[in-house]
file target.txt (compact mmCIF, C-alpha atoms)
# COMPACT_ATOMS: atom_id res chain seq x y z
CA MET A 1394 -1.89 -9.94 -47.75
CA THR A 1395 1.60 -10.06 -49.19
CA HIS A 1396 3.77 -7.21 -50.37
CA GLN A 1397 3.24 -8.17 -53.99
CA MET A 1398 -0.49 -8.05 -53.57
CA LEU A 1399 -0.21 -4.49 -52.25
CA HIS A 1400 1.16 -3.35 -55.60
CA ALA A 1401 -0.83 -5.65 -57.80
CA MET A 1402 -4.22 -4.88 -56.34
CA PRO A 1403 -4.31 -1.38 -54.86
CA MET A 1404 -8.09 -1.41 -54.63
CA ALA A 1405 -8.26 -4.66 -52.73
CA ALA A 1406 -5.32 -3.66 -50.58
CA SER A 1407 -6.88 -0.35 -49.59
CA ALA A 1408 -10.12 -2.12 -48.79
CA ALA A 1409 -8.22 -4.60 -46.64
CA SER A 1410 -6.32 -1.86 -44.82
CA ASN A 1411 -9.57 0.05 -44.31
CA THR A 1412 -10.94 -3.09 -42.72
CA GLU A 1413 -7.94 -3.17 -40.44
CA VAL A 1414 -8.41 0.48 -39.48
CA VAL A 1415 -12.08 0.00 -38.63
CA THR A 1416 -11.41 -3.26 -36.78
CA PHE A 1417 -8.59 -1.70 -34.82
CA TRP A 1418 -10.56 1.31 -33.62
CA VAL A 1419 -13.67 -0.68 -32.75
CA LEU A 1420 -11.69 -3.32 -30.90
CA ALA A 1421 -9.44 -0.78 -29.18
CA VAL A 1422 -12.48 0.98 -27.73
CA VAL A 1423 -13.92 -2.35 -26.61
CA ALA A 1424 -10.62 -3.43 -25.04
CA VAL A 1425 -10.05 -0.19 -23.15
CA GLY A 1426 -13.68 -0.09 -22.01
CA ALA A 1427 -13.57 -3.67 -20.79
CA ALA A 1428 -10.25 -3.08 -19.03
CA LEU A 1429 -11.61 0.01 -17.28
CA GLY A 1430 -14.73 -1.88 -16.31
CA MET A 1431 -12.53 -4.63 -14.97
CA ILE A 1432 -10.82 -2.40 -12.44
CA LEU A 1433 -14.01 -0.53 -11.55
CA THR A 1434 -16.53 -3.33 -11.09
CA ARG A 1435 -17.01 -4.66 -7.57
CA ARG A 1436 -17.61 -8.33 -8.19
CA ALA A 1437 -14.72 -10.60 -9.03
CA VAL A 1438 -16.80 -12.66 -11.47
CA HIS A 1439 -17.60 -9.59 -13.57
CA CYS A 1440 -13.89 -8.86 -13.56
CA ALA A 1441 -13.17 -12.30 -14.96
CA ILE A 1442 -15.77 -11.92 -17.72
CA LEU A 1443 -14.41 -8.50 -18.72
CA LEU A 1444 -10.89 -9.90 -18.70
CA ALA A 1445 -12.11 -12.59 -21.11
CA VAL A 1446 -13.40 -9.82 -23.40
CA VAL A 1447 -10.00 -8.09 -23.35
CA MET A 1448 -8.21 -11.34 -24.07
CA LEU A 1449 -10.45 -12.22 -27.01
CA VAL A 1450 -10.00 -8.72 -28.44
CA LEU A 1451 -6.24 -9.12 -28.14
CA ALA A 1452 -6.46 -12.49 -29.90
CA VAL A 1453 -8.16 -10.79 -32.86
CA MET A 1454 -5.46 -8.13 -32.82
CA TYR A 1455 -2.73 -10.77 -32.90
CA ALA A 1456 -4.42 -12.35 -35.90
CA MET A 1457 -4.62 -8.94 -37.60
CA GLN A 1458 -0.88 -8.45 -37.12
CA GLY A 1459 0.26 -11.62 -38.80
CA ALA A 1460 0.43 -13.80 -35.69
CA PRO A 1461 -2.30 -16.41 -36.30
CA PHE A 1462 -0.57 -19.02 -34.16
CA LEU A 1463 -0.38 -16.72 -31.16
CA ALA A 1464 -4.00 -15.71 -31.70
CA PHE A 1465 -5.03 -19.32 -31.29
CA VAL A 1466 -2.69 -19.83 -28.35
CA GLN A 1467 -4.21 -16.73 -26.75
CA VAL A 1468 -7.73 -18.12 -27.09
CA ILE A 1469 -6.82 -21.64 -25.98
CA VAL A 1470 -4.35 -20.90 -23.20
CA TYR A 1471 -5.61 -17.60 -21.81
CA THR A 1472 -9.32 -17.58 -22.41
CA GLY A 1473 -9.62 -21.33 -22.19
CA ALA A 1474 -7.25 -22.43 -19.46
CA VAL A 1475 -6.13 -19.46 -17.39
CA LEU A 1476 -9.55 -17.84 -17.09
CA MET A 1477 -11.20 -21.16 -16.28
CA LEU A 1478 -8.62 -21.57 -13.52
CA PHE A 1479 -9.52 -18.11 -12.25
CA LEU A 1480 -13.21 -18.99 -12.26
CA PHE A 1481 -12.53 -22.24 -10.43
CA VAL A 1482 -10.64 -20.42 -7.70
CA LEU A 1483 -13.40 -17.82 -7.53
CA MET A 1484 -15.83 -20.67 -7.01
CA ILE A 1485 -13.73 -21.97 -4.11
CA VAL A 1486 -13.06 -18.58 -2.55
CA GLY A 1487 -16.65 -17.41 -2.89
CA ILE A 1488 -18.37 -15.73 -5.78
CA THR A 1489 -19.86 -13.04 -3.60
CA ALA A 1490 -16.46 -11.96 -2.28
CA ALA A 1491 -16.77 -8.27 -3.12
CA ASP A 1492 -14.00 -5.79 -2.53
CA SER A 1493 -13.99 -3.74 0.62
CA ILE A 1494 -14.22 0.00 0.09
CA ILE A 1495 -12.11 0.85 3.12
CA GLU A 1496 -8.75 2.31 2.25
CA THR A 1497 -5.94 0.79 4.27
CA ILE A 1498 -3.55 3.56 3.29
CA ARG A 1499 -5.07 7.02 3.30
CA GLY A 1500 -5.49 8.41 -0.21
CA GLN A 1501 -4.30 5.19 -1.81
CA ARG A 1502 -6.81 5.31 -4.64
CA LEU A 1503 -6.07 8.94 -5.39
CA PHE A 1504 -2.34 8.39 -5.51
CA ALA A 1505 -2.77 5.21 -7.55
CA GLY A 1506 -4.86 7.14 -10.06
CA LEU A 1507 -2.32 9.96 -10.23
CA ALA A 1508 0.53 7.49 -10.66
CA GLY A 1509 -1.44 5.75 -13.40
CA ILE A 1510 -2.06 9.01 -15.25
CA ALA A 1511 1.62 9.95 -14.92
CA MET A 1512 2.68 6.54 -16.22
CA LEU A 1513 0.22 6.80 -19.10
CA VAL A 1514 1.50 10.26 -20.08
CA LEU A 1515 5.07 9.01 -19.89
CA LEU A 1516 4.42 5.94 -22.03
CA ILE A 1517 2.34 7.82 -24.60
CA LEU A 1518 5.06 10.48 -24.86
CA VAL A 1519 7.65 7.75 -25.38
CA VAL A 1520 5.57 6.07 -28.05
CA GLY A 1521 4.80 9.42 -29.66
CA HIS A 1522 8.42 10.56 -29.76
CA ALA A 1523 9.85 7.27 -30.91
CA THR A 1524 10.04 6.96 -34.66
CA ILE A 1525 7.90 3.90 -35.17
CA GLY A 1526 7.66 3.62 -38.91
CA ALA A 1527 5.23 1.67 -41.00
CA ALA A 1528 5.16 -2.05 -40.61
CA ALA A 1529 7.74 -4.01 -42.52
CA PRO A 1530 6.28 -5.63 -45.62
CA SER A 1531 4.99 -8.99 -44.56
CA SER A 1532 7.05 -11.72 -46.07
CA ALA A 1533 6.25 -15.37 -46.35
CA ARG A 1534 7.95 -15.83 -43.00
CA ASN A 1535 5.28 -14.11 -40.99
CA SER A 1536 2.14 -14.62 -42.98
CA SER A 1537 1.62 -17.99 -44.59
CA ALA A 1538 4.38 -19.92 -42.82
CA ASN A 1539 3.88 -18.42 -39.37
CA VAL A 1540 3.85 -21.71 -37.51
CA GLN A 1541 6.84 -23.12 -39.39
CA GLY A 1542 8.79 -19.92 -38.82
CA LEU A 1543 7.99 -19.92 -35.11
CA ALA A 1544 8.92 -23.58 -34.79
CA ARG A 1545 12.24 -22.98 -36.55
CA LEU A 1546 13.07 -20.12 -34.16
CA VAL A 1547 11.96 -22.00 -31.06
CA PHE A 1548 14.07 -25.04 -31.90
CA THR A 1549 17.17 -23.18 -33.10
CA THR A 1550 17.80 -19.72 -31.63
CA TYR A 1551 15.60 -20.11 -28.61
CA VAL A 1552 16.15 -23.77 -27.89
CA TYR A 1553 17.72 -23.20 -24.44
CA PRO A 1554 14.96 -20.89 -23.17
CA PHE A 1555 12.47 -23.41 -24.55
CA GLU A 1556 14.05 -26.28 -22.62
CA ILE A 1557 14.24 -24.18 -19.45
CA THR A 1558 10.54 -23.45 -19.92
CA SER A 1559 9.78 -27.15 -19.62
CA ALA A 1560 11.62 -27.23 -16.29
CA LEU A 1561 9.61 -24.19 -15.22
CA LEU A 1562 6.32 -25.87 -16.11
CA ILE A 1563 7.19 -29.03 -14.20
CA THR A 1564 8.23 -26.97 -11.18
CA ALA A 1565 5.01 -24.97 -11.37
CA ALA A 1566 2.87 -28.10 -11.53
CA LEU A 1567 4.74 -29.60 -8.58
CA GLY A 1568 4.53 -26.35 -6.64
CA ALA A 1569 0.79 -26.09 -7.21
CA MET A 1570 0.33 -29.63 -5.96
CA VAL A 1571 2.42 -28.98 -2.85
CA LEU A 1572 0.69 -25.69 -2.09
CA ALA A 1573 -2.83 -26.94 -2.67
CA HIS A 1574 -2.28 -30.15 -0.73
CA ARG A 1575 -3.73 -30.30 2.74
CA GLU A 1576 -2.43 -32.58 5.45
CA ARG A 1577 -5.11 -34.63 7.15
CA THR A 1578 -4.85 -33.79 10.83
CA SER A 1579 -7.52 -36.22 12.02
CA PRO A 1580 -8.04 -39.82 10.89
CA LYS A 1581 -10.44 -40.26 8.03
CA PRO A 1582 -13.86 -41.22 9.43
CA THR A 1583 -14.94 -44.67 8.41
CA GLN A 1584 -18.41 -45.49 7.15
CA ARG A 1585 -19.27 -47.01 10.54
CA MET A 1586 -18.26 -43.83 12.35
CA LEU A 1587 -20.21 -41.69 9.90
CA SER A 1588 -23.40 -43.69 10.28
CA ARG A 1589 -23.09 -43.69 14.08
CA ARG A 1590 -22.59 -39.95 14.08
CA ARG A 1591 -25.57 -39.56 11.83
CA VAL A 1592 -27.88 -41.53 14.06
CA ALA A 1593 -26.55 -39.74 17.13
CA SER A 1594 -27.14 -36.37 15.50
CA GLY A 1595 -30.92 -36.77 15.91
CA ARG A 1596 -31.67 -36.65 12.20
CA PRO A 1597 -30.91 -39.99 10.58
CA THR A 1598 -33.02 -39.19 7.53
CA PRO A 1599 -31.98 -36.85 4.73
CA LEU A 1600 -33.11 -33.22 4.88
CA PRO A 1601 -36.53 -32.54 3.37
CA GLY A 1602 -36.51 -31.74 -0.32
CA PRO A 1603 -37.52 -28.26 -1.48
CA GLY A 1604 -40.66 -27.28 -3.32
CA THR A 1605 -44.32 -28.12 -3.16
CA TYR A 1606 -45.45 -29.80 -6.31
CA ALA A 1607 -48.79 -28.00 -6.37
CA ARG A 1608 -47.05 -24.63 -6.87
CA HIS A 1609 -43.32 -24.76 -7.58
CA ASN A 1610 -40.60 -27.31 -7.19
CA ALA A 1611 -37.78 -24.80 -7.48
CA VAL A 1612 -34.89 -25.19 -5.05
CA ASP A 1613 -35.58 -21.82 -3.41
CA MET A 1614 -39.19 -22.78 -2.58
CA PRO A 1615 -39.55 -24.11 0.96
CA ALA A 1616 -41.44 -27.36 1.37
CA LEU A 1617 -44.68 -27.38 3.38
CA LEU A 1618 -44.90 -29.50 6.48
CA PRO A 1619 -48.08 -31.53 7.20
CA ASP A 1620 -49.42 -28.75 9.42
CA GLY A 1621 -49.03 -26.17 6.64
CA THR A 1622 -45.96 -24.37 7.94
CA GLN A 1623 -42.86 -24.03 5.81
CA SER A 1624 -39.81 -26.14 6.50
CA ARG A 1625 -36.70 -24.01 6.70
CA LEU A 1626 -34.48 -27.06 6.45
CA SER A 1627 -35.68 -27.75 2.92
CA VAL A 1628 -33.96 -24.64 1.53
CA SER A 1629 -30.18 -24.45 1.28
CA SER A 1630 -28.78 -21.97 3.77
CA VAL A 1631 -26.85 -20.26 0.96
CA LEU A 1632 -30.08 -19.66 -0.96
CA ALA A 1633 -31.83 -18.46 2.17
CA ALA A 1634 -29.07 -15.93 2.82
CA ARG A 1635 -29.22 -14.75 -0.79
CA GLU A 1636 -33.00 -14.45 -0.59
CA ALA A 1637 -32.71 -12.35 2.55
CA GLU A 1638 -30.22 -10.09 0.75
CA ALA A 1639 -32.57 -9.76 -2.20
CA ALA A 1640 -35.47 -9.00 0.14
CA GLU A 1641 -33.54 -6.05 1.51
CA VAL A 1642 -33.00 -4.75 -2.02
CA ARG A 1643 -36.67 -5.27 -2.84
CA ALA A 1644 -37.69 -3.33 0.23
CA GLU A 1645 -35.92 -0.34 -1.30
CA LEU A 1646 -37.45 -0.85 -4.74
CA PRO A 1647 -41.01 -2.07 -4.14
CA TYR A 1648 -42.21 -1.60 -7.72
CA ARG A 1649 -39.59 -3.86 -9.25
CA THR A 1650 -40.77 -7.09 -7.64
CA SER A 1651 -41.25 -10.12 -9.84
CA THR A 1652 -44.45 -12.13 -9.88
CA ARG A 1653 -43.00 -14.84 -7.71
CA THR A 1654 -41.86 -12.43 -5.04
CA GLN A 1655 -45.26 -10.76 -5.18
CA ALA A 1656 -46.85 -14.13 -4.64
CA ALA A 1657 -44.47 -14.74 -1.79
CA ALA A 1658 -45.36 -11.35 -0.35
CA ILE A 1659 -49.07 -12.19 -0.54
CA ALA A 1660 -48.42 -15.55 1.00
CA GLY A 1661 -46.26 -13.88 3.62
CA GLU A 1662 -49.30 -12.10 5.04
CA THR A 1663 -50.86 -15.33 6.15
CA VAL A 1664 -47.87 -17.64 6.36
CA PRO A 1665 -44.77 -16.64 8.35
CA ASP A 1666 -41.70 -15.56 6.40
CA PRO A 1667 -40.09 -18.67 4.95
CA LEU A 1668 -36.67 -17.58 6.13
CA ARG A 1669 -37.73 -16.94 9.68
CA ALA A 1670 -40.22 -19.78 9.79
CA GLY A 1671 -37.69 -21.99 11.53
CA GLU A 1672 -38.13 -20.19 14.81
CA SER A 1673 -41.76 -21.22 15.04
CA GLU A 1674 -41.29 -24.48 13.20
CA PRO A 1675 -42.32 -27.38 15.42
CA GLU A 1676 -39.95 -29.78 13.71
CA THR A 1677 -36.81 -27.84 14.59
CA SER A 1678 -35.59 -28.82 17.99
CA PRO A 1679 -32.98 -26.60 19.66
CA GLY A 1680 -30.28 -29.25 19.45
CA GLU A 1681 -30.75 -29.83 15.80
CA ALA A 1682 -29.05 -26.80 14.29
CA PRO A 1683 -25.64 -27.45 15.89
CA ALA A 1684 -25.84 -31.06 14.78
CA ALA A 1685 -26.50 -29.95 11.21
CA ALA A 1686 -23.53 -27.59 11.44
CA ASP A 1687 -21.37 -30.48 12.63
CA LEU A 1688 -22.51 -32.54 9.67
CA ALA A 1689 -21.66 -29.70 7.30
CA ASP A 1690 -18.18 -29.40 8.83
CA GLU A 1691 -17.71 -33.09 8.47
CA MET A 1692 -18.68 -33.00 4.81
CA GLU A 1693 -16.20 -30.20 4.29
CA ASP A 1694 -13.48 -32.28 5.93
CA GLU A 1695 -14.35 -35.12 3.62
CA GLN A 1696 -13.53 -32.96 0.65
CA MET B 357 -2.95 0.36 -42.75
CA ILE B 358 -2.74 0.89 -39.00
CA SER B 359 0.74 1.82 -37.86
CA PRO B 360 2.35 -0.40 -35.20
CA ALA B 361 2.57 2.77 -33.10
CA ASN B 362 -1.20 2.59 -32.57
CA TYR B 363 -0.92 -0.95 -31.26
CA VAL B 364 1.92 0.04 -28.98
CA ALA B 365 -0.12 2.98 -27.66
CA LEU B 366 -3.06 0.66 -27.00
CA ALA B 367 -0.69 -1.71 -25.22
CA ALA B 368 0.54 1.18 -23.07
CA ILE B 369 -3.04 2.15 -22.13
CA LEU B 370 -3.95 -1.43 -21.21
CA PHE B 371 -0.72 -1.80 -19.22
CA VAL B 372 -1.45 1.33 -17.21
CA ILE B 373 -5.05 0.26 -16.55
CA GLY B 374 -3.74 -3.08 -15.29
CA GLY B 375 -1.20 -1.34 -13.09
CA VAL B 376 -3.79 0.96 -11.56
CA GLY B 377 -5.98 -2.09 -10.95
CA VAL B 378 -3.13 -3.79 -9.08
CA LEU B 379 -2.75 -0.70 -6.92
CA ILE B 380 -6.39 -0.04 -6.06
CA ARG B 381 -8.03 -3.46 -5.79
CA LYS B 382 -8.11 -5.42 -2.54
CA ASN B 383 -9.28 -8.83 -3.68
CA ALA B 384 -6.18 -10.88 -4.39
CA ILE B 385 -7.80 -12.68 -7.32
CA VAL B 386 -8.72 -9.40 -8.98
CA VAL B 387 -5.18 -8.14 -8.40
CA PHE B 388 -3.97 -11.27 -10.13
CA MET B 389 -6.29 -10.69 -13.07
CA CYS B 390 -4.91 -7.18 -13.42
CA VAL B 391 -1.40 -8.63 -13.55
CA GLU B 392 -2.60 -10.87 -16.36
CA LEU B 393 -3.94 -7.81 -18.15
CA MET B 394 -0.51 -6.18 -17.89
CA LEU B 395 1.16 -9.29 -19.30
CA ASN B 396 -1.30 -9.34 -22.19
CA ALA B 397 -0.62 -5.69 -22.94
CA VAL B 398 3.10 -6.39 -23.10
CA ASN B 399 2.42 -9.29 -25.46
CA LEU B 400 0.51 -6.96 -27.74
CA ALA B 401 3.50 -4.61 -27.83
CA PHE B 402 5.85 -7.52 -28.59
CA ILE B 403 3.70 -8.64 -31.50
CA ALA B 404 3.41 -5.10 -32.83
CA PHE B 405 7.19 -4.79 -32.79
CA ALA B 406 7.57 -8.19 -34.43
CA ARG B 407 5.41 -6.88 -37.23
CA LEU B 408 7.34 -3.61 -37.33
CA TYR B 409 10.64 -5.39 -37.86
CA GLY B 410 9.20 -8.06 -40.09
CA ASN B 411 10.64 -11.01 -38.18
CA LEU B 412 9.32 -13.51 -35.71
CA ASN B 413 11.53 -12.91 -32.67
CA GLY B 414 8.91 -10.77 -30.95
CA GLN B 415 6.29 -13.44 -31.47
CA VAL B 416 8.56 -16.08 -29.92
CA ILE B 417 9.11 -13.83 -26.89
CA ALA B 418 5.35 -13.29 -26.59
CA PHE B 419 4.92 -17.05 -26.71
CA PHE B 420 7.38 -17.47 -23.84
CA VAL B 421 5.58 -14.76 -21.89
CA MET B 422 2.35 -16.73 -22.28
CA VAL B 423 4.02 -19.90 -20.99
CA VAL B 424 5.51 -18.14 -18.00
CA ALA B 425 2.19 -16.41 -17.29
CA ALA B 426 0.37 -19.75 -17.31
CA ALA B 427 2.88 -21.22 -14.84
CA GLU B 428 2.64 -18.11 -12.69
CA VAL B 429 -1.15 -18.31 -12.59
CA VAL B 430 -1.05 -21.93 -11.49
CA VAL B 431 1.32 -21.27 -8.60
CA GLY B 432 -0.29 -17.97 -7.65
CA LEU B 433 -3.78 -19.38 -7.48
CA ALA B 434 -2.52 -22.32 -5.43
CA ILE B 435 -1.01 -19.82 -2.98
CA LEU B 436 -4.29 -17.90 -2.91
CA THR B 437 -6.33 -21.00 -2.12
CA SER B 438 -3.95 -21.99 0.67
CA ILE B 439 -4.10 -18.47 2.12
CA PHE B 440 -7.87 -18.53 1.85
CA ARG B 441 -7.95 -21.89 3.58
CA THR B 442 -6.05 -20.65 6.62
CA ARG B 443 -7.31 -17.06 6.84
CA ARG B 444 -10.81 -17.39 5.30
CA SER B 445 -10.24 -14.24 3.28
CA ALA B 446 -9.08 -13.35 -0.22
CA SER B 447 -8.25 -9.76 0.66
CA VAL B 448 -4.66 -8.67 0.32
CA ASP B 449 -5.03 -6.65 3.53
CA ASP B 450 -5.58 -9.76 5.62
CA ALA B 451 -2.38 -11.52 4.58
CA ASN B 452 -0.16 -9.32 6.76
CA LEU B 453 1.51 -11.80 9.12
CA LEU B 454 5.00 -10.91 7.93
CA LYS B 455 4.38 -7.26 8.74
CA TYR B 456 4.86 -7.59 12.50

call {"tool": "encode", "arguments": {"input": "target.txt", "output": "structure tokens"}}
result
Amino acid sequence: MTHQMLHAMPMAASAASNTEVVTFWVLAVVAVGAALGMILTRRAVHCAILLAVVMLVLAVMYAMQGAPFLAFVQVIVYTGAVLMLFLFVLMIVGITAADSIIETIRGQRLFAGLAGIAMLVLLILVVGHATIGAAAPSSARNSSANVQGLARLVFTTYVYPFEITSALLITAALGAMVLAHRERTSPKPTQRMLSRRRVASGRPTPLPGPGTYARHNAVDMPALLPDGTQSRLSVSSVLAAREAEAAEVRAELPYRTSTRTQAAAIAGETVPDPLRAGESEPETSPGEAPAAADLADEMEDEQ
Amino acid sequence: MISPANYVALAAILFVIGGVGVLIRKNAIVVFMCVELMLNAVNLAFIAFARLYGNLNGQVIAFFVMVVAAAEVVVGLAILTSIFRTRRSASVDDANLLKY
């Protein structure tokens, strides 16, 4: 939408500006809602998703304000790269890492909220009192030739900051490598050592696979041993812990059980609880659990 | 047409929300995400002012902010993973060795 078009086609221009008004208010509500949800939700993954919403909304707003190049950079760099990095680190650190509710400093949340409100009032007063006029008429420099204009500025006026940025990026990459690198404190176990340790651990075979093909073969379904009991070793310990957590929630809400959990509950009357079956499981010898833990540690060291 | 003042006000609101998030959250990764939110809010203000003045300087600055933010995220997350590796926690309360 150029300045000339504004005069030539008042109808079309008003329709376009109406579109901008509607888009702005809808997206502003979405952005503020997502940002509020981001600081209020407990789980870090939900935070990341809501941050992605805010970033995409901001990308649309950049495009609306004659910055199409930055809109694309926002989507590619922020939503694509930075948020993926966040999700990767969340995966390493643990998806279930929820915030603690304990306040280290007494009244911290209250004071933070008050400070936030004060800051908001201050900023809104500043914006309200400043004479921010209407936008300058968009010229060819910031509408059709946005990328060329940016490139000209970056390589003329801002050429030194741009070059320093490259040094910054190299330093950051190097720093990340140094920080994320871990020194190996013990010699890397050879294949011979690994196989010896495996045989010595008392379980040379792989762990039993989950699922019984007659009913389910899902990974959270414990396999049945020849004598009819359930093998605890066939279910990943992470899934077992999650299932136990879910069982506690279900105990509070008995009417919201799914069909599978109902089936499990019916089965649980005759068969021992799959998660506690290991105690009565004949296959599990007392020395086996520590050995499995050792193996898990070893696998972690391998990574 | 929406005045740039509206965009600047929205940027201020998002900036404050990010700042409150930095103050109240304990998980270091979430704190980091709130910092990113603040940076994004500032970018929005830069682009609104670039439009207000009808030149591209604000957009170039916003572009540099994005580059610096990307570098900052890389180093920050590397620090977080190394802290998590030694302390087995991502809480900002647990990284207090320098306090004593």

call {"tool": "residues_around", "arguments": {"input": "target.txt", "residues": "Gly432 of chain B", "least_positions_apart": "6", "cutoff": "12 Å", "atoms": "only C-alpha atoms", "output": "JSON, numbers by chain"}}
result
{"A": [1475, 1478, 1479, 1482, 1565, 1566, 1568, 1569, 1570, 1572, 1573], "B": [384, 385, 387, 388, 389, 391, 392, 424, 425, 426, 438, 439]}

call {"tool": "closest_atom_pairs", "arguments": {"input": "target.txt", "of": "chain B", "to": "chain A", "cutoff": "6 Å", "atoms": "only C-alpha atoms", "output": "tab-separated table"}}
result
residue	atom	partner	partner_atom	distance
B:Met357	CA	A:Ser1410	CA	4.5
B:Ile358	CA	A:Val1414	CA	5.7
B:Ser359	CA	A:Ala1527	CA	5.5
B:Ala361	CA	A:Ile1525	CA	5.8
B:Val372	CA	A:Gly1509	CA	5.8
B:Val376	CA	A:Gly1509	CA	5.6
B:Gly377	CA	A:Ile1432	CA	5.1
B:Leu379	CA	A:Ala1505	CA	5.9
B:Ile380	CA	A:Arg1502	CA	5.6
B:Lys382	CA	A:Asp1492	CA	5.9
B:Asn383	CA	A:Asp1492	CA	5.7
B:Arg407	CA	A:Ala1528	CA	5.9
B:Leu408	CA	A:Ala1528	CA	4.2
B:Tyr409	CA	A:Ala1529	CA	5.7
B:Gly410	CA	A:Ala1529	CA	4.9
B:Ala427	CA	A:Ala1565	CA	5.5
B:Val431	CA	A:Ala1569	CA	5.0
B:Ala434	CA	A:Ala1569	CA	5.3

call {"tool": "atom_distance", "arguments": {"input": "target.txt", "atom1": "atom CA of Ile435 of chain B", "atom2": "atom CA of Met394 of chain B"}}
result
20.2 Å

call {"tool": "atom_distance", "arguments": {"input": "target.txt", "atom1": "atom CA of Ala401 of chain B", "atom2": "atom CA of Leu436 of chain B"}}
result
29.3 Å

call {"tool": "closest_residue", "arguments": {"input": "target.txt", "among": "B:Leu433, B:Leu393, B:Leu366, B:Leu400", "to": "Val378 of chain B", "atoms": "only C-alpha atoms"}}
result
B:Leu393

call {"tool": "atom_distance", "arguments": {"input": "target.txt", "atom1": "atom CA of Val421 of chain B", "atom2": "atom CA of Ala397 of chain B"}}
result
11.0 Å

call {"tool": "residues_around", "arguments": {"input": "target.txt", "residues": "segment 451-455 of chain B", "least_positions_apart": "4", "cutoff": "10 Å", "atoms": "all atoms listed in the file", "output": "PDB file with C-alpha atoms, in the coordinates of the input"}}
result
ATOM      1  CA  ALA B 384      -6.180 -10.880  -4.390  1.00  0.00           C
ATOM      2  CA  ILE B 439      -4.100 -18.470   2.120  1.00  0.00           C
ATOM      3  CA  PHE B 440      -7.870 -18.530   1.850  1.00  0.00           C
ATOM      4  CA  ARG B 443      -7.310 -17.060   6.840  1.00  0.00           C
ATOM      5  CA  SER B 445     -10.240 -14.240   3.280  1.00  0.00           C
ATOM      6  CA  ALA B 446      -9.080 -13.350  -0.220  1.00  0.00           C
ATOM      7  CA  SER B 447      -8.250  -9.760   0.660  1.00  0.00           C
TER       8      SER B 447
END

call {"tool": "closest_residue", "arguments": {"input": "target.txt", "among": "B:Leu395, B:Gly374, B:Phe405, B:Cys390", "to": "Asn362 of chain B", "atoms": "all atoms listed in the file"}}
result
B:Phe405

call {"tool": "residues_around", "arguments": {"input": "target.txt", "residues": "segment 1609-1616 of chain A", "least_positions_apart": "4", "cutoff": "8 Å", "atoms": "only C-alpha atoms", "output": "list of chain:residue names"}}
result
A:Pro1601, A:Gly1602, A:Pro1603, A:Gly1604, A:Thr1605, A:Gln1623, A:Ser1624, A:Arg1625, A:Ser1627, A:Val1628, A:Ser1629, A:Leu1632, A:Ala1633, A:Pro1667
